[in-house]
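Okay, upload.cif now, which holds mmCIF, C-alpha atoms and all ligand atoms:
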data_coords
loop_
_atom_site.label_atom_id
_atom_site.label_comp_id
_atom_site.auth_asym_id
_atom_site.auth_seq_id
_atom_site.Cartn_x
_atom_site.Cartn_y
_atom_site.Cartn_z
CA MET O 1 0.00 0.00 0.00
CA ALA O 2 1.35 3.47 -0.92
CA ALA O 3 2.06 6.13 1.68
CA PRO O 4 -1.04 8.10 2.65
CA SER O 5 -1.71 11.30 0.74
CA VAL O 6 -2.05 14.64 2.50
CA PRO O 7 -4.50 14.25 5.39
CA PRO O 8 -7.69 16.26 5.17
CA SER O 9 -8.09 18.75 7.99
CA ARG O 10 -10.25 17.58 10.89
CA ALA O 11 -11.33 20.97 12.07
CA ASP O 12 -14.85 20.07 13.04
CA SER O 13 -16.70 17.22 14.67
CA ASP O 14 -18.69 16.65 11.45
CA LEU O 15 -15.66 15.07 9.83
CA GLY O 16 -15.14 12.88 12.86
CA LEU O 17 -18.79 11.86 12.79
CA ARG O 18 -18.72 11.06 9.08
CA ALA O 19 -15.56 9.00 9.51
CA ARG O 20 -17.12 7.14 12.43
CA ALA O 21 -20.33 6.45 10.54
CA GLU O 22 -18.36 5.15 7.55
CA LEU O 23 -16.26 2.98 9.81
CA ALA O 24 -19.27 1.65 11.72
CA VAL O 25 -21.02 0.55 8.54
CA ARG O 26 -18.19 -0.37 6.16
CA GLY O 27 -15.89 -1.75 8.83
CA VAL O 28 -12.16 -2.15 8.53
CA ALA O 29 -10.08 -4.70 6.63
CA ILE O 30 -7.18 -6.31 8.42
CA ASP O 31 -4.09 -7.54 6.61
CA SER O 32 -3.15 -10.28 9.00
CA ALA O 33 -4.56 -10.93 12.41
CA PRO O 34 -4.50 -13.59 15.06
CA ALA O 35 -7.22 -16.16 14.50
CA SER O 36 -8.45 -15.34 17.96
CA SER O 37 -7.42 -13.09 20.76
CA ASP O 38 -5.41 -15.86 22.38
CA THR O 39 -2.28 -15.48 20.27
CA VAL O 40 -1.49 -11.82 20.68
CA PRO O 41 1.88 -10.87 22.13
CA GLU O 42 2.67 -8.35 24.84
CA PRO O 43 1.84 -5.66 25.90
CA ARG O 44 -1.17 -6.72 27.85
CA GLY O 45 -3.70 -5.57 30.29
CA GLY O 46 -6.22 -3.32 28.55
CA SER O 47 -3.36 -1.07 27.53
CA VAL O 48 -3.26 0.58 24.15
CA THR O 49 -0.89 -0.71 21.51
CA GLU O 50 -0.25 -0.20 17.83
CA LEU O 51 0.04 -3.32 15.72
CA GLY O 52 -0.35 -1.90 12.22
CA SER O 53 -3.44 -3.33 10.62
CA VAL O 54 -4.03 -5.99 13.25
CA ILE O 55 -6.83 -5.71 15.81
CA PRO O 56 -5.93 -7.90 18.79
CA LEU O 57 -9.11 -7.44 20.79
CA ARG O 58 -12.09 -8.93 19.03
CA ARG O 59 -15.21 -10.69 20.12
CA PRO O 60 -17.07 -13.50 18.44
CA GLY O 61 -20.80 -13.47 17.73
CA GLY O 62 -23.12 -13.05 20.67
CA ALA O 63 -25.74 -10.66 21.95
CA GLY O 64 -25.92 -7.13 20.62
CA PRO O 65 -23.66 -5.66 17.95
CA SER O 66 -20.96 -8.32 18.15
CA ALA O 67 -18.42 -9.88 15.74
CA ASP O 68 -16.23 -6.83 15.71
CA GLY O 69 -12.89 -5.39 16.77
CA HIS O 70 -12.26 -2.94 19.59
CA VAL O 71 -10.15 0.14 18.95
CA LEU O 72 -9.81 3.71 20.16
CA VAL O 73 -10.64 6.34 17.52
CA ASP O 74 -9.17 9.68 18.60
CA GLY O 75 -9.14 8.20 22.10
CA LEU O 76 -12.81 7.18 22.09
CA ARG O 77 -13.76 3.52 22.50
CA THR O 78 -15.08 2.26 19.15
CA THR O 79 -16.24 -1.10 17.86
CA VAL O 80 -15.66 -1.76 14.17
CA PRO O 81 -16.86 -4.65 12.03
CA ILE O 82 -14.04 -6.65 10.44
CA VAL O 83 -14.90 -6.65 6.72
CA ALA O 84 -12.46 -8.21 4.25
CA ASP O 85 -13.33 -5.92 1.33
CA SER O 86 -13.64 -2.70 3.32
CA PRO O 87 -11.73 0.22 1.78
CA TYR O 88 -10.60 1.17 5.31
CA ARG O 89 -7.45 -0.05 7.03
CA LEU O 90 -5.30 0.87 9.97
CA ARG O 91 -1.84 2.19 9.12
CA ASP O 92 0.67 3.40 11.70
CA GLY O 93 -2.05 4.42 14.12
CA ARG O 94 -4.16 6.17 11.46
CA LEU O 95 -7.38 5.25 9.67
CA VAL O 96 -6.74 5.24 5.93
CA ARG O 97 -8.97 4.58 2.93
CA SER O 98 -7.86 2.83 -0.26
CA GLU O 99 -9.07 4.78 -3.29
CA PRO O 100 -10.22 3.16 -6.54
CA GLY O 101 -7.23 4.65 -8.42
CA GLY O 102 -4.75 3.03 -6.01
CA GLY O 103 -4.13 6.04 -3.78
CA VAL O 104 -4.54 6.07 -0.04
CA THR O 105 -6.25 8.82 1.94
CA ASP O 106 -5.60 9.49 5.60
CA MET O 107 -9.06 9.97 7.13
CA GLY O 108 -7.85 12.41 9.75
CA VAL O 109 -8.43 10.26 12.80
CA ALA O 110 -5.98 8.42 15.02
CA VAL O 111 -6.72 4.76 15.77
CA ASP O 112 -5.14 2.75 18.53
CA THR O 113 -5.78 -0.91 19.13
CA VAL O 114 -6.39 -2.48 22.53
CA ALA O 115 -4.18 -5.28 23.80
CA ARG O 116 -5.48 -8.63 24.89
CA PRO O 117 -6.15 -8.47 28.63
CA ALA O 118 -4.21 -10.54 31.13
CA PHE O 119 -7.33 -12.01 32.77
CA TYR O 120 -8.05 -13.96 29.56
CA ASP O 121 -5.21 -16.30 30.56
CA LEU O 122 -6.90 -17.42 33.78
CA CYS O 123 -9.48 -20.07 34.45
CA THR O 124 -11.68 -21.07 37.35
CA ALA O 125 -10.88 -23.94 39.67
CA ASP O 126 -13.28 -26.10 37.68
CA GLY O 127 -11.53 -25.28 34.42
CA VAL O 128 -13.72 -22.64 32.79
CA GLY O 129 -11.67 -19.96 31.04
CA TYR O 130 -12.29 -16.44 32.32
CA GLU O 131 -12.60 -15.39 28.66
CA GLN O 132 -15.61 -17.72 28.36
CA ILE O 133 -17.26 -15.99 31.31
CA ALA O 134 -16.73 -12.30 30.51
CA ARG O 135 -14.93 -10.29 27.86
CA LEU O 136 -13.17 -6.95 27.65
CA HIS O 137 -15.09 -4.38 25.60
CA GLY O 138 -13.31 -1.22 24.59
CA ASN O 139 -10.29 -0.72 26.86
CA ASP O 140 -11.92 -0.80 30.30
CA VAL O 141 -15.39 -2.39 30.15
CA LEU O 142 -16.03 -5.95 31.31
CA ALA O 143 -19.08 -7.49 29.65
CA SER O 144 -20.90 -10.77 30.11
CA THR O 145 -24.05 -12.39 28.80
CA VAL O 146 -25.07 -14.18 31.98
CA VAL O 147 -27.58 -16.46 30.26
CA GLN O 148 -26.52 -17.16 26.69
CA THR O 149 -29.83 -18.68 25.58
CA CYS O 150 -33.04 -16.86 24.75
CA VAL O 151 -36.62 -18.03 24.87
CA ARG O 152 -37.18 -16.09 21.65
CA TYR O 153 -34.39 -17.77 19.65
CA GLY O 154 -36.71 -20.05 17.65
CA ALA O 155 -36.91 -19.20 13.96
CA ALA O 156 -40.40 -17.67 14.24
CA ASP O 157 -39.66 -15.35 17.16
CA ARG O 158 -35.98 -14.56 16.92
CA CYS O 159 -34.71 -11.00 16.49
CA ARG O 160 -33.30 -10.90 12.98
CA PHE O 161 -30.15 -8.98 14.02
CA CYS O 162 -29.22 -11.13 17.03
CA ALA O 163 -26.67 -13.95 17.31
CA ILE O 164 -26.83 -14.58 21.05
CA GLU O 165 -26.55 -18.37 20.82
CA GLN O 166 -23.87 -18.32 18.11
CA SER O 167 -20.95 -17.98 20.51
CA LEU O 168 -22.46 -20.72 22.67
CA HIS O 169 -22.50 -23.17 19.79
CA SER O 170 -18.92 -22.28 18.86
CA GLY O 171 -17.75 -23.02 22.42
CA ALA O 172 -16.56 -19.44 22.99
CA THR O 173 -18.76 -19.12 26.05
CA THR O 174 -20.92 -21.08 28.47
CA ALA O 175 -24.71 -21.18 28.69
CA VAL O 176 -25.09 -19.83 32.22
CA LYS O 177 -22.56 -17.82 34.21
CA THR O 178 -22.87 -18.22 37.96
CA PRO O 179 -22.67 -15.27 40.36
CA ASP O 180 -19.45 -16.69 41.86
CA GLN O 181 -17.80 -17.05 38.46
CA LEU O 182 -18.64 -13.48 37.52
CA ALA O 183 -17.39 -12.13 40.83
CA GLU O 184 -14.12 -14.03 40.42
CA VAL O 185 -13.54 -12.73 36.89
CA ALA O 186 -14.55 -9.17 37.80
CA GLU O 187 -12.07 -9.07 40.66
CA ALA O 188 -9.25 -10.29 38.39
CA ALA O 189 -10.16 -7.94 35.52
CA VAL O 190 -10.11 -4.93 37.82
CA ARG O 191 -6.87 -5.97 39.49
CA LEU O 192 -4.95 -7.06 36.38
CA ASP O 193 -6.40 -4.95 33.60
CA GLY O 194 -7.81 -1.80 35.12
CA VAL O 195 -11.43 -2.51 34.19
CA ARG O 196 -13.63 0.38 35.31
CA GLN O 197 -17.19 -0.75 34.71
CA MET O 198 -19.18 -3.91 33.98
CA VAL O 199 -22.12 -4.68 31.73
CA LEU O 200 -24.33 -7.72 32.34
CA THR O 201 -26.83 -8.67 29.70
CA THR O 202 -29.03 -11.75 29.44
CA GLY O 203 -31.05 -13.76 27.00
CA THR O 204 -34.73 -13.61 27.86
CA SER O 205 -36.10 -16.31 30.14
CA ASN O 206 -39.61 -17.73 30.38
CA GLY O 207 -40.12 -16.26 33.84
CA ARG O 208 -42.16 -13.14 34.53
CA ASP O 209 -38.92 -11.38 35.54
CA ARG O 210 -37.41 -12.13 32.08
CA GLY O 211 -34.14 -13.11 33.76
CA ALA O 212 -33.79 -10.08 36.03
CA ARG O 213 -33.50 -12.07 39.27
CA HIS O 214 -30.51 -14.09 38.05
CA LEU O 215 -28.96 -10.77 37.01
CA ALA O 216 -29.63 -9.45 40.52
CA ARG O 217 -27.86 -12.45 42.11
CA CYS O 218 -24.89 -11.83 39.81
CA VAL O 219 -24.75 -8.11 40.68
CA ARG O 220 -24.86 -8.90 44.40
CA ALA O 221 -21.90 -11.29 44.13
CA ILE O 222 -19.86 -8.89 41.98
CA LYS O 223 -20.49 -5.99 44.36
CA ALA O 224 -19.41 -8.13 47.30
CA ALA O 225 -16.13 -8.97 45.54
CA VAL O 226 -15.45 -5.55 43.96
CA PRO O 227 -17.58 -2.97 45.78
CA GLY O 228 -16.34 0.00 43.75
CA LEU O 229 -17.06 -1.46 40.31
CA PRO O 230 -20.10 0.20 38.65
CA VAL O 231 -22.42 -2.37 37.05
CA GLN O 232 -25.13 -1.97 34.43
CA VAL O 233 -27.76 -4.65 33.82
CA GLN O 234 -29.69 -5.22 30.61
CA CYS O 235 -32.96 -7.13 30.25
CA GLU O 236 -36.42 -7.04 28.74
CA PRO O 237 -39.22 -5.32 30.66
CA PRO O 238 -40.52 -7.65 33.36
CA ALA O 239 -44.19 -8.62 33.25
CA PRO O 240 -46.46 -5.78 34.47
CA ASP O 241 -47.25 -7.70 37.66
CA ASP O 242 -43.56 -8.23 38.43
CA LEU O 243 -42.07 -4.74 38.32
CA ALA O 244 -40.53 -5.68 41.67
CA ALA O 245 -37.88 -7.45 39.58
CA LEU O 246 -36.53 -3.99 38.70
CA ALA O 247 -36.39 -3.04 42.36
CA ALA O 248 -34.53 -6.29 43.05
CA LEU O 249 -31.86 -5.23 40.56
CA ARG O 250 -31.48 -1.86 42.20
CA GLU O 251 -31.39 -3.38 45.70
CA ALA O 252 -28.68 -5.80 44.58
CA GLY O 253 -26.52 -2.80 43.77
CA ALA O 254 -26.92 -2.28 40.01
CA ASP O 255 -25.97 1.29 39.15
CA ALA O 256 -27.67 1.53 35.76
CA ILE O 257 -30.09 -0.40 33.56
CA GLY O 258 -30.64 -0.83 29.85
CA ILE O 259 -34.06 -1.92 28.61
CA HIS O 260 -33.57 -2.22 24.88
CA VAL O 261 -36.46 -1.66 22.50
CA GLU O 262 -34.37 -1.19 19.32
CA SER O 263 -37.28 0.55 17.52
CA LEU O 264 -40.37 2.46 18.59
CA ASP O 265 -42.13 1.65 15.30
CA ASP O 266 -44.45 -1.33 15.78
CA ASP O 267 -44.28 -2.33 12.10
CA VAL O 268 -40.49 -2.43 12.30
CA ARG O 269 -40.69 -4.35 15.56
CA ARG O 270 -42.98 -6.99 14.06
CA ARG O 271 -40.72 -7.40 11.01
CA TRP O 272 -37.39 -7.47 12.85
CA MET O 273 -38.29 -8.76 16.33
CA PRO O 274 -41.44 -10.86 16.06
CA GLY O 275 -40.96 -12.30 19.56
CA LYS O 276 -40.10 -9.07 21.36
CA ALA O 277 -42.84 -7.25 19.42
CA THR O 278 -45.42 -9.25 21.39
CA VAL O 279 -44.40 -7.12 24.38
CA PRO O 280 -46.44 -3.92 23.93
CA LEU O 281 -44.53 -0.65 23.80
CA ALA O 282 -46.61 0.49 26.77
CA GLN O 283 -44.85 -2.17 28.83
CA TYR O 284 -41.48 -0.67 27.84
CA TRP O 285 -42.60 2.80 28.88
CA THR O 286 -43.82 1.45 32.23
CA ALA O 287 -40.48 -0.29 32.82
CA TRP O 288 -38.47 2.77 31.77
CA ASP O 289 -40.48 5.06 34.04
CA GLU O 290 -40.13 2.68 36.97
CA SER O 291 -36.40 2.37 36.30
CA VAL O 292 -35.92 6.14 36.22
CA ARG O 293 -37.77 6.29 39.55
CA LEU O 294 -35.58 3.54 41.05
CA PHE O 295 -32.19 4.30 39.50
CA GLY O 296 -32.41 8.08 39.20
CA PRO O 297 -31.17 10.37 36.41
CA ASP O 298 -28.45 9.31 33.95
CA ALA O 299 -28.94 5.64 34.72
CA VAL O 300 -31.53 4.29 32.25
CA SER O 301 -30.96 3.67 28.55
CA THR O 302 -32.24 1.84 25.51
CA TYR O 303 -30.90 0.96 22.07
CA LEU O 304 -32.34 2.48 18.88
CA ILE O 305 -31.08 0.83 15.70
CA VAL O 306 -30.64 2.81 12.46
CA GLY O 307 -31.16 0.73 9.34
CA LEU O 308 -34.25 -1.32 10.15
CA GLY O 309 -36.43 0.76 7.82
CA GLU O 310 -37.80 3.19 10.40
CA ASP O 311 -38.58 6.70 9.17
CA PRO O 312 -35.56 8.80 10.30
CA ASP O 313 -37.71 11.72 11.45
CA GLU O 314 -39.84 9.36 13.56
CA LEU O 315 -36.72 7.75 14.99
CA VAL O 316 -35.37 11.15 16.06
CA ALA O 317 -38.79 12.15 17.47
CA GLY O 318 -38.89 8.88 19.41
CA ALA O 319 -35.42 9.55 20.76
CA ALA O 320 -36.55 13.00 21.90
CA ALA O 321 -39.54 11.43 23.69
CA LEU O 322 -37.23 9.00 25.47
CA ILE O 323 -34.88 11.80 26.52
CA ALA O 324 -37.83 13.76 27.91
CA ARG O 325 -38.66 10.76 30.13
CA GLY O 326 -35.06 10.41 31.34
CA VAL O 327 -34.07 7.52 29.06
CA TYR O 328 -30.83 7.72 27.05
CA PRO O 329 -31.38 6.54 23.45
CA PHE O 330 -28.21 4.73 22.40
CA VAL O 331 -28.23 5.08 18.61
CA VAL O 332 -26.37 2.33 16.76
CA PRO O 333 -26.29 1.10 13.16
CA TYR O 334 -27.80 -2.24 12.17
CA ARG O 335 -24.86 -4.57 11.61
CA PRO O 336 -25.08 -7.73 9.47
CA ILE O 337 -23.54 -10.09 12.02
CA PRO O 338 -22.64 -13.59 10.79
CA GLY O 339 -25.13 -16.14 12.06
CA THR O 340 -28.07 -13.77 12.19
CA LEU O 341 -31.20 -14.26 10.11
CA ALA O 342 -30.84 -10.85 8.45
CA ALA O 343 -27.21 -11.38 7.49
CA GLY O 344 -28.20 -14.76 6.05
CA ASP O 345 -30.73 -12.93 3.89
CA GLY O 346 -28.03 -10.52 2.70
CA VAL O 347 -29.41 -7.44 4.47
CA THR O 348 -26.67 -4.80 4.52
CA GLY O 349 -26.02 -1.92 6.93
CA PRO O 350 -27.53 1.55 6.54
CA ASP O 351 -26.20 4.36 4.39
CA PRO O 352 -23.43 5.95 6.49
CA ALA O 353 -24.85 9.40 5.63
CA LEU O 354 -28.18 8.38 7.18
CA LEU O 355 -26.43 7.08 10.29
CA ALA O 356 -24.42 10.30 10.61
CA ASP O 357 -27.54 12.44 10.14
CA VAL O 358 -29.64 10.59 12.73
CA THR O 359 -26.73 10.45 15.16
CA ALA O 360 -26.11 14.20 14.83
CA ARG O 361 -29.80 15.02 15.39
CA VAL O 362 -30.16 12.76 18.43
CA ALA O 363 -26.90 14.14 19.85
CA ALA O 364 -28.34 17.66 19.51
CA GLU O 365 -31.43 16.54 21.48
CA LEU O 366 -29.17 15.02 24.15
CA ARG O 367 -27.04 18.15 24.42
CA ALA O 368 -30.14 20.34 24.70
CA ALA O 369 -31.33 18.15 27.59
CA GLY O 370 -27.91 18.15 29.26
CA MET O 371 -27.76 14.35 28.98
CA ARG O 372 -24.48 12.64 28.11
CA GLY O 373 -23.72 8.96 27.91
CA ALA O 374 -20.52 9.59 29.82
CA ASP O 375 -22.60 10.70 32.81
CA GLN O 376 -23.88 7.14 33.31
CA ALA O 377 -21.86 5.11 35.79
CA ALA O 378 -21.84 1.99 33.65
CA GLY O 379 -23.33 0.45 30.54
CA CYS O 380 -23.29 0.92 26.79
CA ALA O 381 -24.12 4.63 27.05
CA ALA O 382 -21.15 5.09 29.37
CA CYS O 383 -18.89 3.01 27.13
CA GLY O 384 -20.12 4.53 23.88
CA ALA O 385 -18.11 2.22 21.62
CA CYS O 386 -20.99 0.93 19.50
CA SER O 387 -22.43 4.38 18.74
CA ALA O 388 -21.01 7.60 17.31
CA LEU O 389 -23.03 9.72 19.76
CA SER O 390 -20.15 10.33 22.14
CA ALA O 391 -18.08 11.81 19.28
CA VAL O 392 -20.59 14.66 18.91
CA GLY O 393 -21.29 15.48 22.51
CA GLY O 394 -24.03 12.91 23.20
S1 LIG W 401 -21.27 -0.05 23.77
FE1 LIG W 401 -21.96 -1.84 24.98
S2 LIG W 401 -21.86 -3.61 23.57
FE2 LIG W 401 -20.66 -1.89 22.65
S3 LIG W 401 -18.55 -2.29 23.33
FE3 LIG W 401 -19.44 -0.87 24.80
S4 LIG W 401 -20.27 -2.19 26.44
FE4 LIG W 401 -19.88 -3.51 24.68
#

Could you express the structure from this file as structure tokens?
Ligand code: SF4
Amino acid sequence: MAAPSVPPSRADSDLGLRARAELAVRGVAIDSAPASSDTVPEPRGGSVTELGSVIPLRRPGGAGPSADGHVLVDGLRTTVPIVADSPYRLRDGRLVRSEPGGGVTDMGVAVDTVARPAFYDLCTADGVGYEQIARLHGNDVLASTVVQTCVRYGAADRCRFCAIEQSLHSGATTAVKTPDQLAEVAEAAVRLDGVRQMVLTTGTSNGRDRGARHLARCVRAIKAAVPGLPVQVQCEPPAPDDLAALAALREAGADAIGIHVESLDDDVRRRWMPGKATVPLAQYWTAWDESVRLFGPDAVSTYLIVGLGEDPDELVAGAAALIARGVYPFVVPYRPIPGTLAAGDGVTGPDPALLADVTARVAAELRAAGMRGADQAAGCAACGACSALSAVGG
């Protein structure tokens, strides 16, 4: 590859946002990379390193926007899809784009990779690798899917963008993480790798609490082992007659909660999430309101996905409605993750210009309300890696 041409100036955040939107949708190509994160050399420990076009910290398929690499773009945690034919690459700590004529353009943003953490080398007394129990996201977030199965994973009900059971079938993780296992890994990740917050998500269970009470047991054990570690929990709204499950999470010590709707458009919900769409939106609003009451300001969030066919103006209006109720709308692009139904059907990500536009408008709503993801103690809003919102003041 030729040396990069003259870098464009990055005088405003618009350029950063456009670059982030492009990167989020088109991903980055890597020249040569370890087959998995278990073969990466020193340095270790959540520290930042430059390894040319290699991304050492990656995660396999799973819940949420997975199957990506973790880097820091201009110092901000960022997840990027690994896409073999992407025009983007990492070169000497810069993001560069290969042009059709053979030239290379420096995109005006610095990119650092994140080293494989030391806790990945450990395993529990009964032989389960810590890496199978929880993973490093970004450079300082510990994340775990405490129950890796979902009652909605049958072909008729399954969310079309989700691959939660994929990493289970590949052996990368275990079906159920116990509170003791999570506490053990959390303690090591904080001690060895400087982890600063933890995210616990779960597949949905058949119970009225949708899995919240197992999450609560996990939070209690983690807080006993590492009292100063902020923890966010993520689950579906509990049944209307079991809102006490939310209080149980708060009482266990959870600092923040994500209740993820992904879209406020019922047609989109029925097309993309036939199982979750059976939960009326009113139930989400009830759970969000109750969570704001229990957890306080800057502690409740949801995902909104760009690229599912929702009208952009309605998406932004929905985000504004959430903000007005104290809920942070974490705007992310739809990503065609291997193993998902949508990726199998060849559905591609959104136009990066659309993603940048929606992100900029939602960020403006957040700034006007004085709400920033970074103000949350823990969770995806606090991490920010899967969204471009934090790059524009959201
Ligand atoms: S935003 Fe959430 S899912 Fe994405 S890397 Fe951060 S903690 Fe993980």

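The shortest atom-to-atom distance to Leu315 (chain O), with all atoms listed in the file taken into account, belongs to O:Arg361 out of O:Arg361, O:Arg208, O:Arg97, O:His137.
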
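Going from CA of Asp126 (chain O) to CA of Arg213 (chain O) covers 24.7 Å.
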
Kindly provide, as JSON, numbers by chain, all nucleotide and amino acid residues lying within 7 Å of ligand LIG 401 (chain W), counting all atoms listed in the file. {"O": [64, 65, 79, 137, 138, 141, 143, 199, 379, 380, 381, 383, 384, 385, 386, 387]}

Residues near region 18-27 of chain O, anyone? I mean within 6 Å using only C-alpha atoms, not counting same-chain ones fewer than 6 positions away, as a ChimeraX atom specification. /O:80-83,86,349,352,356

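Here the question is which of O:Trp272, O:Phe119, O:Tyr88, O:Tyr130 gets nearest to Arg158 (chain O) using all atoms listed in the file, and that residue is O:Trp272.
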
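One finds CA of Asp311 (chain O) at 23.2 Å from CA of Thr340 (chain O).
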
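From CA of Thr286 (chain O) back to CA of Cys159 (chain O), the distance works out to 22.0 Å.
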
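Proximity to Leu249 (chain O) was assessed for O:His70, O:Arg152, O:His214, O:Arg89 counting all atoms listed in the file; the smallest distance is recorded for O:His214.
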
If I only have part of region 24-31 of chain O, can you fill in all heavy atoms and write it as a PDB file, keeping the file's coordinate frame?
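part_22.pdb, freshly written:
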ATOM      1  N   ALA O  24     -18.290   2.519  11.058  1.00  0.00           N
ATOM      2  CA  ALA O  24     -19.270   1.650  11.720  1.00  0.00           C
ATOM      3  C   ALA O  24     -20.012   0.782  10.726  1.00  0.00           C
ATOM      4  O   ALA O  24     -20.387  -0.349  11.033  1.00  0.00           O
ATOM      5  CB  ALA O  24     -20.263   2.512  12.515  1.00  0.00           C
ATOM      6  N   VAL O  25     -20.237   1.308   9.526  1.00  0.00           N
ATOM      7  CA  VAL O  25     -21.020   0.550   8.540  1.00  0.00           C
ATOM      8  C   VAL O  25     -20.104  -0.274   7.633  1.00  0.00           C
ATOM      9  O   VAL O  25     -20.347  -1.452   7.392  1.00  0.00           O
ATOM     10  CB  VAL O  25     -21.873   1.522   7.690  1.00  0.00           C
ATOM     11  CG1 VAL O  25     -22.571   0.752   6.566  1.00  0.00           C
ATOM     12  CG2 VAL O  25     -22.897   2.237   8.569  1.00  0.00           C
ATOM     13  N   ARG O  26     -19.040   0.340   7.125  1.00  0.00           N
ATOM     14  CA  ARG O  26     -18.190  -0.370   6.160  1.00  0.00           C
ATOM     15  C   ARG O  26     -17.128  -1.223   6.828  1.00  0.00           C
ATOM     16  O   ARG O  26     -16.549  -2.104   6.201  1.00  0.00           O
ATOM     17  CB  ARG O  26     -17.507   0.625   5.213  1.00  0.00           C
ATOM     18  CG  ARG O  26     -18.506   1.500   4.464  1.00  0.00           C
ATOM     19  CD  ARG O  26     -17.926   2.042   3.167  1.00  0.00           C
ATOM     20  NE  ARG O  26     -18.711   3.142   2.641  1.00  0.00           N
ATOM     21  CZ  ARG O  26     -19.907   3.009   2.081  1.00  0.00           C
ATOM     22  NH1 ARG O  26     -20.444   1.801   1.975  1.00  0.00           N
ATOM     23  NH2 ARG O  26     -20.570   4.055   1.642  1.00  0.00           N
ATOM     24  N   GLY O  27     -16.849  -0.946   8.092  1.00  0.00           N
ATOM     25  CA  GLY O  27     -15.890  -1.750   8.830  1.00  0.00           C
ATOM     26  C   GLY O  27     -14.467  -1.477   8.389  1.00  0.00           C
ATOM     27  O   GLY O  27     -14.175  -0.535   7.641  1.00  0.00           O
ATOM     28  N   VAL O  28     -13.568  -2.308   8.840  1.00  0.00           N
ATOM     29  CA  VAL O  28     -12.160  -2.150   8.530  1.00  0.00           C
ATOM     30  C   VAL O  28     -11.610  -3.494   8.079  1.00  0.00           C
ATOM     31  O   VAL O  28     -12.015  -4.538   8.585  1.00  0.00           O
ATOM     32  CB  VAL O  28     -11.404  -1.581   9.751  1.00  0.00           C
ATOM     33  CG1 VAL O  28     -11.372  -2.572  10.894  1.00  0.00           C
ATOM     34  CG2 VAL O  28     -10.003  -1.142   9.402  1.00  0.00           C
ATOM     35  N   ALA O  29     -10.744  -3.460   7.080  1.00  0.00           N
ATOM     36  CA  ALA O  29     -10.080  -4.700   6.630  1.00  0.00           C
ATOM     37  C   ALA O  29      -8.788  -4.861   7.411  1.00  0.00           C
ATOM     38  O   ALA O  29      -8.139  -3.875   7.749  1.00  0.00           O
ATOM     39  CB  ALA O  29      -9.786  -4.611   5.130  1.00  0.00           C
ATOM     40  N   ILE O  30      -8.450  -6.091   7.720  1.00  0.00           N
ATOM     41  CA  ILE O  30      -7.180  -6.310   8.420  1.00  0.00           C
ATOM     42  C   ILE O  30      -6.307  -7.185   7.550  1.00  0.00           C
ATOM     43  O   ILE O  30      -6.771  -8.116   6.909  1.00  0.00           O
ATOM     44  CB  ILE O  30      -7.400  -6.914   9.823  1.00  0.00           C
ATOM     45  CG1 ILE O  30      -8.294  -8.146   9.777  1.00  0.00           C
ATOM     46  CG2 ILE O  30      -7.978  -5.889  10.761  1.00  0.00           C
ATOM     47  CD1 ILE O  30      -8.479  -8.779  11.116  1.00  0.00           C
ATOM     48  N   ASP O  31      -5.013  -6.845   7.508  1.00  0.00           N
ATOM     49  CA  ASP O  31      -4.090  -7.540   6.610  1.00  0.00           C
ATOM     50  C   ASP O  31      -3.758  -8.926   7.119  1.00  0.00           C
ATOM     51  O   ASP O  31      -3.743  -9.890   6.403  1.00  0.00           O
ATOM     52  CB  ASP O  31      -2.796  -6.736   6.479  1.00  0.00           C
ATOM     53  CG  ASP O  31      -3.080  -5.392   5.839  1.00  0.00           C
ATOM     54  OD1 ASP O  31      -4.063  -5.296   5.091  1.00  0.00           O
ATOM     55  OD2 ASP O  31      -2.325  -4.447   6.118  1.00  0.00           O
TER      56      ASP O  31
END
